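Structure file model07.csv with CSV, C-alpha atoms:
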chain,number,residue,atom,x,y,z
A,1,MET,CA,81.3,116.4,62.3
A,2,ALA,CA,83.7,116.9,65.2
A,3,LYS,CA,85.5,113.8,66.2
A,4,HIS,CA,84.5,112.5,69.6
A,5,LYS,CA,87.2,111.1,71.9
A,6,PRO,CA,86.0,109.0,74.8
A,7,VAL,CA,88.0,109.7,77.9
A,8,LEU,CA,88.1,107.7,81.2
A,9,GLN,CA,89.5,109.7,84.1
A,10,ILE,CA,90.9,108.0,87.2
A,11,ARG,CA,90.4,110.2,90.3
A,12,LEU,CA,91.5,107.7,93.0
A,13,SER,CA,94.7,108.7,94.7
A,14,VAL,CA,96.7,107.4,97.6
A,15,GLY,CA,96.7,109.7,100.6
A,16,ARG,CA,99.7,110.6,102.7
A,17,ILE,CA,100.2,108.7,105.9
A,18,ARG,CA,101.1,110.6,109.0
A,19,ASN,CA,102.9,108.7,111.7
A,20,PRO,CA,100.7,108.9,114.8
A,21,ARG,CA,103.7,108.4,117.0
A,22,HIS,CA,105.5,111.5,115.7
A,23,CYS,CA,106.6,113.3,118.8
A,24,ALA,CA,105.6,116.8,117.6
A,25,HIS,CA,101.9,116.3,118.3
A,26,PRO,CA,99.3,118.8,119.6
A,27,GLY,CA,98.2,116.3,122.3
A,28,LEU,CA,101.8,116.0,123.6
A,29,LEU,CA,102.2,119.7,123.6
A,30,MET,CA,99.0,120.1,125.7
A,31,ILE,CA,100.3,117.6,128.2
A,32,LEU,CA,103.7,119.3,128.5
A,33,VAL,CA,102.2,122.8,128.9
A,34,THR,CA,99.7,121.6,131.6
A,35,VAL,CA,102.3,119.7,133.6
A,36,SER,CA,104.8,122.5,133.4
A,37,ALA,CA,102.2,125.1,134.5
A,38,VAL,CA,101.1,123.0,137.5
A,39,LEU,CA,104.7,122.3,138.5
A,40,LEU,CA,105.5,126.0,138.4
A,41,TRP,CA,102.4,126.8,140.5
A,42,GLN,CA,103.2,124.1,143.0
A,43,THR,CA,106.8,125.2,143.3
A,44,PHE,CA,106.7,129.0,143.3
A,45,VAL,CA,103.1,129.8,144.5
A,46,ILE,CA,102.0,127.2,146.9
A,47,HIS,CA,105.5,126.4,148.3
A,48,ARG,CA,108.5,128.7,148.9
A,49,PRO,CA,111.4,126.9,147.4
A,50,THR,CA,115.1,127.5,148.1
A,51,ILE,CA,117.1,129.1,145.3
A,52,PRO,CA,118.8,125.7,144.3
A,53,LEU,CA,115.4,124.0,144.3
A,54,GLY,CA,113.9,126.7,142.2
A,55,ILE,CA,116.7,126.5,139.7
A,56,LEU,CA,116.4,122.7,139.6
A,57,VAL,CA,112.6,122.9,138.9
A,58,LEU,CA,113.1,125.4,136.1
A,59,ALA,CA,115.7,123.2,134.6
A,60,GLN,CA,113.4,120.3,134.9
A,61,ILE,CA,110.6,122.2,133.2
A,62,VAL,CA,113.0,123.1,130.3
A,63,ALA,CA,113.9,119.4,130.0
A,64,PHE,CA,110.2,118.4,130.1
A,65,GLY,CA,109.5,121.0,127.3
A,66,CYS,CA,112.2,119.5,125.1
A,67,THR,CA,110.3,116.3,125.1
A,68,TYR,CA,108.2,117.8,122.4
A,69,ARG,CA,111.1,117.4,120.0
A,70,PHE,CA,113.6,115.1,121.7
A,71,PRO,CA,111.6,112.8,123.9
A,72,ILE,CA,114.1,110.1,125.0
A,73,PRO,CA,117.1,112.3,126.1
A,74,SER,CA,114.8,114.9,127.6
A,75,LEU,CA,112.9,112.4,129.7
A,76,ILE,CA,116.2,110.9,131.0
A,77,VAL,CA,117.4,114.4,132.1
A,78,PHE,CA,114.0,115.0,133.6
A,79,ALA,CA,114.2,111.8,135.6
A,80,VAL,CA,117.7,112.6,136.9
A,81,LEU,CA,116.6,116.1,138.0
A,82,SER,CA,113.5,114.6,139.7
A,83,MET,CA,115.7,112.3,141.8
A,84,ALA,CA,118.0,115.2,142.6
A,85,GLY,CA,115.1,117.2,143.8
A,86,ASP,CA,114.8,115.2,146.9
A,87,ALA,CA,118.3,116.2,147.9
A,88,PHE,CA,117.1,119.8,148.0
A,89,SER,CA,113.7,119.4,149.6
A,90,PRO,CA,112.2,116.5,151.5
A,91,MET,CA,108.7,117.5,150.2
A,92,TYR,CA,109.7,117.6,146.6
A,93,SER,CA,108.5,114.0,145.9
A,94,SER,CA,105.1,114.8,147.3
A,95,TYR,CA,104.2,117.8,145.1
A,96,ALA,CA,106.1,116.8,142.0
A,97,LEU,CA,104.9,113.2,142.0
A,98,TYR,CA,102.4,113.8,139.2
A,99,SER,CA,105.1,115.1,136.9
A,100,VAL,CA,107.2,112.0,137.5
A,101,LEU,CA,104.2,109.8,136.7
A,102,VAL,CA,103.6,111.7,133.5
A,103,ALA,CA,107.3,111.3,132.6
A,104,ILE,CA,107.1,107.6,133.2
A,105,SER,CA,104.0,107.3,131.0
A,106,LEU,CA,105.7,109.3,128.2
A,107,TRP,CA,108.8,107.2,128.5
A,108,SER,CA,106.7,104.0,128.1
A,109,TYR,CA,104.9,105.5,125.1
A,110,PHE,CA,108.1,106.4,123.3
A,111,THR,CA,110.2,103.3,124.1
A,112,ASN,CA,109.2,99.7,124.5
A,113,ASP,CA,108.0,97.2,127.1
A,114,PRO,CA,111.4,96.3,128.6
A,115,ALA,CA,112.3,100.0,128.9
A,116,SER,CA,108.9,100.7,130.5
A,117,ALA,CA,109.5,98.0,133.1
A,118,GLY,CA,113.0,99.2,133.7
A,119,ALA,CA,111.8,102.8,134.4
A,120,ALA,CA,109.1,101.6,136.8
A,121,LEU,CA,111.7,99.4,138.7
A,122,LEU,CA,114.3,102.1,138.8
A,123,PHE,CA,111.9,104.7,140.3
A,124,SER,CA,110.5,102.0,142.7
A,125,ALA,CA,114.0,101.1,143.9
A,126,TYR,CA,114.9,104.8,144.3
A,127,GLN,CA,111.7,105.4,146.3
A,128,LEU,CA,112.4,102.5,148.6
A,129,VAL,CA,115.9,103.8,149.3
A,130,TRP,CA,114.7,107.3,149.9
A,131,SER,CA,111.8,106.2,152.1
A,132,THR,CA,114.1,104.0,154.2
A,133,ASN,CA,116.5,106.9,154.8
A,134,THR,CA,113.7,109.4,155.7
A,135,ASP,CA,111.1,107.2,157.5
A,136,THR,CA,112.2,103.7,158.4
A,137,ALA,CA,108.9,102.6,160.0
A,138,ALA,CA,106.7,103.5,157.0
A,139,ALA,CA,109.3,102.8,154.3
A,140,PRO,CA,107.8,99.5,153.0
A,141,LEU,CA,104.2,100.9,152.8
A,142,THR,CA,105.4,104.1,151.2
A,143,ALA,CA,107.6,102.3,148.7
A,144,LEU,CA,104.7,99.9,147.8
A,145,LEU,CA,102.3,102.8,147.3
A,146,PHE,CA,104.7,104.7,145.1
A,147,SER,CA,105.7,101.6,143.2
A,148,SER,CA,102.1,100.9,142.4
A,149,MET,CA,101.7,104.3,140.9
A,150,PHE,CA,104.9,104.0,138.9
A,151,ILE,CA,103.8,100.6,137.5
A,152,LEU,CA,100.4,102.0,136.7
A,153,ALA,CA,101.9,105.0,134.8
A,154,ALA,CA,104.2,102.7,132.8
A,155,LEU,CA,101.3,100.4,131.9
A,156,LEU,CA,99.2,103.4,130.8
A,157,GLY,CA,101.9,104.6,128.5
A,158,ALA,CA,102.5,101.1,127.1
A,159,ALA,CA,98.8,100.6,126.5
A,160,LEU,CA,98.6,103.9,124.6
A,161,ARG,CA,101.7,102.9,122.6
A,162,ARG,CA,100.0,99.6,121.6
A,163,PHE,CA,96.8,101.4,120.7
A,164,VAL,CA,98.7,103.9,118.5
A,165,HIS,CA,100.6,101.1,116.8
A,166,HIS,CA,97.2,99.5,116.0
A,167,LEU,CA,96.0,102.8,114.4
A,168,GLN,CA,99.2,103.0,112.4
A,169,ARG,CA,98.8,99.5,111.1
A,170,GLN,CA,95.2,100.3,110.1
A,171,GLN,CA,96.4,103.5,108.2
A,172,GLN,CA,99.0,101.5,106.4
A,173,ALA,CA,96.5,98.8,105.5
A,174,ILE,CA,94.1,101.5,104.2
A,175,ALA,CA,96.8,103.1,102.1
A,176,GLN,CA,97.8,99.7,100.7
A,177,MET,CA,94.2,99.0,99.8
A,178,ARG,CA,93.9,102.4,98.1
A,179,LEU,CA,97.1,101.7,96.1
A,180,GLN,CA,95.7,98.4,95.0
A,181,MET,CA,92.5,100.0,94.0
A,182,LEU,CA,94.4,102.6,92.0
A,183,GLU,CA,96.3,99.9,90.2
A,184,SER,CA,93.0,98.1,89.4
A,185,ALA,CA,91.5,101.3,88.2
A,186,GLU,CA,94.4,101.8,85.8
A,187,GLU,CA,94.0,98.3,84.5
A,188,LEU,CA,90.3,99.0,84.0
A,189,HIS,CA,91.2,102.1,82.1
A,190,ASP,CA,93.7,100.3,79.9
A,191,ALA,CA,91.2,97.5,79.2
A,192,VAL,CA,88.3,99.7,78.3
A,193,SER,CA,89.7,102.8,76.7
A,194,GLY,CA,91.1,101.1,73.7
A,195,THR,CA,87.8,99.3,73.0
A,196,LEU,CA,85.8,102.5,73.4
A,197,SER,CA,88.0,104.4,71.1
A,198,ASN,CA,87.7,101.7,68.4
A,199,VAL,CA,83.9,101.6,68.8
A,200,ASP,CA,83.8,105.4,68.6
A,201,LEU,CA,85.6,105.2,65.2
A,202,MET,CA,83.3,102.5,64.0
A,203,LEU,CA,80.2,104.6,64.9
A,204,GLN,CA,81.6,107.6,63.1
A,205,TYR,CA,82.3,105.5,60.0
A,206,ARG,CA,78.8,104.0,60.2
A,207,SER,CA,77.2,107.5,60.5
A,208,HIS,CA,79.2,108.8,57.6
A,209,THR,CA,78.2,105.8,55.4
A,210,LEU,CA,74.5,106.1,56.2
A,211,LEU,CA,74.5,109.8,55.4
A,212,SER,CA,76.1,109.3,51.9
A,213,ALA,CA,73.4,107.2,50.1
A,214,PRO,CA,74.7,103.7,51.0
A,215,THR,CA,74.6,100.9,48.4
A,216,ALA,CA,73.5,97.3,49.1
A,217,ALA,CA,77.2,96.4,49.8
A,218,ASP,CA,77.5,99.3,52.2
A,219,VAL,CA,74.4,98.1,54.1
A,220,GLU,CA,75.9,94.7,54.4
A,221,GLN,CA,79.1,96.1,55.6
A,222,ILE,CA,77.2,98.2,58.2
A,223,VAL,CA,75.5,95.0,59.4
A,224,GLU,CA,78.9,93.4,59.9
A,225,LEU,CA,80.1,96.6,61.6
A,226,ASP,CA,77.2,96.5,64.0
A,227,GLU,CA,78.0,92.9,64.9
A,228,ASP,CA,81.7,93.8,65.4
A,229,ILE,CA,80.6,96.7,67.7
A,230,ARG,CA,78.4,94.5,69.8
A,231,THR,CA,81.3,92.0,70.1
A,232,ARG,CA,83.7,94.7,71.3
A,233,LEU,CA,81.3,96.1,73.8
A,234,ASP,CA,80.6,92.6,75.2
A,235,GLN,CA,84.3,92.1,75.6
A,236,ALA,CA,84.7,95.5,77.3
A,237,SER,CA,81.8,94.5,79.6
A,238,GLN,CA,83.5,91.3,80.5
A,239,ASP,CA,86.8,93.1,81.2
A,240,VAL,CA,85.1,95.4,83.6
A,241,ALA,CA,83.2,92.6,85.3
A,242,GLN,CA,86.4,90.6,85.8
A,243,ILE,CA,88.2,93.5,87.4
A,244,VAL,CA,85.2,94.3,89.6
A,245,ASN,CA,84.9,90.7,90.7
A,246,MET,CA,88.6,90.7,91.5
A,247,LEU,CA,88.1,93.8,93.7
A,248,PHE,CA,85.2,92.1,95.5
A,249,GLU,CA,87.3,89.0,96.2
A,250,GLN,CA,90.3,91.0,97.4
A,251,TYR,CA,88.3,93.1,99.9
A,252,GLY,CA,86.1,90.4,101.3
A,253,GLU,CA,82.9,91.1,99.4
A,254,THR,CA,80.7,88.7,97.4
A,255,ALA,CA,80.9,89.2,93.7
A,256,ASP,CA,77.7,89.9,91.8
A,257,PRO,CA,76.6,86.6,90.3
A,258,SER,CA,75.0,88.5,87.4
A,259,MET,CA,78.4,89.7,86.3
A,260,PRO,CA,80.1,87.6,83.7
A,261,THR,CA,83.6,86.3,84.5
A,262,ASN,CA,84.8,85.2,81.1
Mind turning this structure into structure tokens?
Amino acid sequence: MAKHKPVLQIRLSVGRIRNPRHCAHPGLLMILVTVSAVLLWQTFVIHRPTIPLGILVLAQIVAFGCTYRFPIPSLIVFAVLSMAGDAFSPMYSSYALYSVLVAISLWSYFTNDPASAGAALLFSAYQLVWSTNTDTAAAPLTALLFSSMFILAALLGAALRRFVHHLQRQQQAIAQMRLQMLESAEELHDAVSGTLSNVDLMLQYRSHTLLSAPTAADVEQIVELDEDIRTRLDQASQDVAQIVNMLFEQYGETADPSMPTN
């Protein structure tokens, strides 16, 4: 008779966590490509820029594209070029405003709340100075309008950052839970596999004894063996129940009252 070996396999594993704020993300790439394409269209198709302005816009697009890998320094360069654009064209702020708003949102997303507020205040102050120098009468209203858009863009980026942080914490909690479940499964394996192996050996001995014309002493030994097997199986059942109840308690479920705890 071939020897049977009971085997318990643990198939639970802890998945890899990806950082949702990793800058090399398809969503970020789509934003950068879209903004760059529209900025090119606005600059070279709808308008007829001067050569310095065209070079500046191309450099700005390159800096914006580098945000995909190097967000912080690239956005700083983009902001400086945006402010410099007004020196080459009075209309630059009008048709490139959307790209500045996207840059402020990305800056808020990749940094923190103080940095977000600083960016909104910096662009608001710059816009006030620029409006005062170009149109004194409408400067306050224009500055207020632009400041509102800058603040809204910063708030949008900050809200997205907080949302992604929340998703990241959820992923970490799930990974920790899976790790704890894996440890509990290993404990369950250790608690039960030894008992099942001993019971399997006892059953093999019992079968061999019954097939070899047992005597009265052998029958009495088999009865004791059966009692020992039942005791070991009861103990294994209790070990399993204790671990299952522990899992229920850890993850907020109610343990089955029919399961023994000791």
For Leu152 (chain A), the nearest of the candidates A:Gln127, A:Asp218, A:Val223, A:Leu101, counting all atoms listed in the file: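 For Leu152 (chain A), the nearest of the candidates is A:Leu101.
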Can you check which parts of region 106-214 of chain A lie within 10 Å of region 243-248 of chain A? Per residue, the shortest pair of atoms and distance in Å to one decimal, counting only C-alpha atoms, sorted by chain and number, as a Markdown table.
| residue | atom | partner | partner_atom | distance |
| --- | --- | --- | --- | --- |
| A:Gln180 | CA | A:Leu247 | CA | 9.0 |
| A:Met181 | CA | A:Leu247 | CA | 7.6 |
| A:Ser184 | CA | A:Ile243 | CA | 6.9 |
| A:Ala185 | CA | A:Ile243 | CA | 8.5 |
| A:Glu187 | CA | A:Ile243 | CA | 8.1 |
| A:Leu188 | CA | A:Ile243 | CA | 6.8 |
| A:Ala191 | CA | A:Ile243 | CA | 9.6 |
One-decimal distance in Å that lies between CA of Ser124 (chain A) and CA of Leu144 (chain A): 8.0 Å
Residue list as a ChimeraX atom specification for point (108.9, 116.8, 134.3), cut-off 9 Å, all atoms listed in the file: /A:32,35-36,39,57,60-65,75,78-79,81-82,96,98-103
For CA of Arg232 (chain A) and CA of Thr195 (chain A), the interatomic separation in Å (one decimal):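 CA of Thr195 (chain A) lies 6.4 Å from CA of Arg232 (chain A).
Of the listed residues A:Thr67, A:Gly118, A:Ala143, A:Gln42, the one whose atoms come nearest to Met30 (chain A) is A:Thr67, with distances taken using all atoms listed in the file.
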